[in-house]
Each structure stands twice: as structure tokens, then as C-alpha cells.
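Structure first, commentary second.
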Amino acid sequence: MNLPVKIVFLAMDAGDKLLIQKWAADGTLPTLHSLLGNGLVGETMSVEGLYEGSTWPSFYTGVTPAHHGFHRLTQINPGTYGFYQCYPGEFIKQEPFWNHLSSAGRKVAILDIPLSGISKGLNGIQMVEWASHDGVYGFHTWPKELKGEVRKRFGHHPVKASCDSYGRSPQDFRRFKDHLIEGVNKKCELTIHYMNKGEWDFFAQVFTEGHCAGHQCWHLHDPAHPNYDRKIVALTGDPILEVYKAIDNAIGRILAHVNENTLVLFLATHRMAHNIGGNFLLEDILEKLSLLKKRPAATTLKQQGMIKRVFNAARGKWHELPNSIQGTLKPALLPLYNSTKRLVVGEDLSSLSSRFDLKHCKCFPHKNGNLISGIRINLVGREPDGLIKRGEESDDFCQELSKDLLDIVVTGSNKPIVKRVIRTSDFFQGECIDHLPDLLVEWNEDILIGSKGVSDDKSCRLRLTSEKIGVVEGEYTYCRTGDHRPEGLFVVFGPGINPGVIGRTISIMDFSPTFLNLFGLTNPDLDGKPINEILGKEDCFK
Ligand SMILES: [Zn+2]
Ligand SMILES: [Zn+2]
């Protein structure tokens, strides 16, 4: 059936550009092979240093994180030492592009755009988190009644909550992969169903399953990963490959329902590769540099220590149980095990004041994910117990700290662990800058680290040294073995688009103004610029 959709936007959340290019070229992904061969292809770059959390908000608002202010689900409350759960839909004050299209009378269907909220009153339909990698809200829709209809017809996505899990067996990984593929297929049916339901000006759907597979299964895909084990991979296969194949197939089935007058844009937002970094040692590093003062034996730490002992004892006993009993108990115990594990690795400790003597801290870790660590300077006039003055003092402080971090090497190899330290304000300026970390520490990609959450061997240990820090060491315990990189890929085809390759890198912020422009709308306040190679002739659908 040919549908009168004007623009179809399909995306693969955290779809890895290099894997897509490789598997499209060798025919493993036949739909993407055909799209990349016949469309206009471009490479993208996400926002500097903050792309783990800011990629999607910068995509749909067209502005930098200094304007939308979102970089993570747990954010600092500026002027305090407290972190809070940040809901992007409520927090981000910039309008997503679909609000502008809707106000201009365009009919839109916005399905599962990650890290976004419901736009009440939208001219069309919206689904938030029917499927998601980083779920914050649970499933919500506009209009509200749509939720019941979707549930009745398509049920739940088989991967319900967070995909993080510790101690997965090969069977668990296979089940996880099967659930992701089942989710892709359900989503494909859902997409085709709702595409058929209306004459959409703009229809968007995002596949998030590749994101989960990438984080959880990189060690089952990449033989260079320290946790790669041929015997285990013989049992699990490569879940990333299987999930990408399922998404490729789903995109093919969806595109069979659009006609030649539809402009189609496929985007793989940001990459996935092996986990990197010493984020888990940052606190110790700052302490050794005498910039951070930990409180001795804070109650929370005592509690954490106790939980840790109970947890480790339980884990020891668990492995002694026969497989049949483990199999029976696992579904009931796994959620409890995972939430306890999060406590043990410290994810749930939100208050800095209970852990650090902030009156004597020149800076402190500012959560920004594992990939690129954040540091916040304890600034006079901004932080309650600020120690460093803005201006020259702060500039000198950043310069010295950057040098000290760049001096740190991995014991034995002498390879630097830090690739680059940047000041956020050198890249972004805006009203939300104080919601972001001041310094961003990029870790060296060449140092591969195993996860203790996958296998308990020495690959998860990292031992760092420099003249100033002496020795700092520890273990990477988070279960994820894959993490992001900022590059992405897109391909567009349809009326007026000539096949080829765009010779420059497109910013993730350029898509919003491009979509607006295609419908004859402009917004001069955006940081992104319309992609002229796509527009060809302006205002295609005016
Ligand atoms: Zn991610
Ligand atoms: Zn996930």
C-alpha cells in the first residue's frame, strides 16, 4: 500500500556507523546496503564531550547542551551539592521541532524519540518509551487514550526496564537477544499500523534495541575485548549482529509501505565501541591530587560496605547452588540482585555532602557517564562552600588539573589514560551552562578494560600512576562492555534528492532546522543549520 506520508524519519538509537557501513557493504544488512547505495549519505557528529546524554535532546531541539541544559538522567542542582533525577521532557525548555511543525498545522506522529517528553495538544500522535534504552517515564502517549489501544494491540516491549544486568549466563544473553529481536518485530508492526492510520506530514520512529545490545554485548561481538571468550560466543552468537539484522529487516518492511513521493531519512545517531576509561578511579585521583577530601567512614559508606559484604557473601553461595535451583530462583531474585548491585557500585548515592568535606574540596566529580568524566570546580559565588574564584584563579586551576590528569599513565604500559581534558565553556555558551560539568575528561580509547560484572578476572583491574598521584588502582565493576562514540551516519532519499556522499560532517543539531525548513519554517535561534544538500530547493513541502 502506498501511503501519503511526506517525511518518514527512522533512526537507530546508538546504531554504530562502522558496523552499519561494514555490514551494509557485505550484504549482511540488505536494506541498508540498498539505502546507502541509492541515497544521499552523510556523516554526523554529536555534541562535544556530552554526547552520552545530550545527543537526542540536541537532535530534537537543534541547540547545544548549554541551551537545553540536559546531559544526564541524574543532574546537579546548580548552586547546591545535590543531584536529582532529571526528566528531560519537563526539564528541557527548548521546543522540540515537532512542536513547531504541529503549531504550523502539520500532522505529526512522533514515536519513541529517546529522552523526550509528551507534547500535550500535539497535532497528531506521540509515544514516549513504548521501548527505550534509558527509560525515565515508562510508556506514555498523546492523546492519552492511545496508550490503552497500543497496549491492547501490541502489548509490552519484551525488554521492560533497564537492560543492565549482572552475572548473565550464555543462556541469559540468548534470551536477552531474543527479547530485543521480538521487540524490533513488534515495533515494526506497530510502526506500519500507525503509518496506515493517518495522512502524516512527518512520521518518526526510533529503534532502541541496538543501543541495549551495544552496551551489554560488545564483549560477545568484538574479539579484541578483554571479556571476549570464544567458548561463550559459540553459545551466544553475536547478539549485536542479530539485532542489527532484525532492525535492517524491519526498516525494509516499513519502507515497503511508503511511496516515491515520500522523503525518507534514516539516522544512526551515535556510535558504540568497547568500554573505556578510568571514571571509576576519578574520585581517588582527585583525592591524591589533594583537590578532593573524602569524609572518613560516612554512615552511607558504612552502610554501603555492609551491603557489599552481604552481597558478596550471597553471590558466593549462589554459585554453589545446582543449576536447576538457580534456574528456578533466578527470575524472582534477579531484580533484587540488580538493584543491590547498583547500590554496591555506588550509583544511588546522590548527595555529595555526605561523602565529601566540600569546604576543603577545590573540585569534585560531576557525573557524566563512564565514557567522558565530568569535574565541577567548587566556585566561589556558585557553590555554597566555593573555594576557587572565577577568572584567573579558575583558569590556572583548570590548566594545572588538566596537566596533572594528562600526566597519568597505566602502570606497566606507560600509556596515558587521559586523551584530552576540555573546558565545557570553551565549546558551549548559554543560559544552562551551570547545569553542565565544568571540565570534561576524555579517556584514552586504546586502553581496553574488562568488566567484573561479566567475568571476574584481572582484565577489570586498572592501575594508574604519575608523580603527583603515586598509585591509584581499582576494578571496573559496571556490567556494560560497550559504550558510545560521538560519530553517526545518515542517508536520505526521495523527491529531489540526488544520490551521493556529502563531503562534510553534519552536526546532530542540523536535523531540527532541516525538518523545519522542509516545511517552510525557520527558527533563527537554533545552533544547528539547515542541511542545504538535503534541501536542494528550499521549502519542499510548503
Ligand atoms: Zn547509551
Ligand atoms: Zn538498554
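Chains: A, B, ... in order of the C-alpha cells. Residues: from 1 per chain. Ligands: from 1, in order shown.
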(request) Extract, using only C-alpha atoms, all DNA, RNA and protein residues at most 7 Å from stretch 42-56 of chain A, discarding same-chain residues fewer than 2 positions from it, and format them as number ranges by chain. (result) A: 40, 58-60, 65, 70-72, 114-115, 270, 372, 440, 484, 486-491, 501-502, 505-508
(request) Write out as number ranges by chain each polymer residue whose atoms come within 12 Å of A:Gly237, counting only C-alpha atoms; drop sequence neighbours fewer than 3 positions from it. (result) A: 170-171, 173-175, 177-178, 217-222, 228-234, 240-243
Contacts of chain A with ligand 2 up to 9 Å, shortest pair per row, only C-alpha atoms and all ligand atoms, as CSV:
```
residue,atom,partner,partner_atom_place_in_ligand_line,distance
A:Ser132,CA,ligand 2,1 (Zn),6.8
A:His133,CA,ligand 2,1 (Zn),3.6
A:Asp134,CA,ligand 2,1 (Zn),6.2
A:Gly135,CA,ligand 2,1 (Zn),8.3
A:Val159,CA,ligand 2,1 (Zn),8.1
A:Ala161,CA,ligand 2,1 (Zn),8.1
A:Ser162,CA,ligand 2,1 (Zn),5.6
A:Cys163,CA,ligand 2,1 (Zn),4.2
A:Asp164,CA,ligand 2,1 (Zn),6.7
A:Thr208,CA,ligand 2,1 (Zn),7.6
A:Glu209,CA,ligand 2,1 (Zn),7.0
A:Gly210,CA,ligand 2,1 (Zn),8.4
A:His211,CA,ligand 2,1 (Zn),6.0
A:Cys212,CA,ligand 2,1 (Zn),3.5
A:Ala213,CA,ligand 2,1 (Zn),7.1
A:Gly214,CA,ligand 2,1 (Zn),8.5
A:His215,CA,ligand 2,1 (Zn),7.2
A:Gln216,CA,ligand 2,1 (Zn),7.8
```
(message) Could you go through stretch 31-116 of chain A and tell me which residues DSSP, when run on the backbone, assigns to strand (DSSP E or B), listing them as a ChimeraX atom specification?
(response) /A:40-45,74-76,82-85,108-111
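Distance check against A:Leu18 using only C-alpha atoms: of A:Ile377, A:Leu406, A:Met272, A:Leu291, the minimum falls on A:Met272.
In this structure, atom CA of A:Lys22 sits 28.1 Å away from atom CA of A:Leu535.
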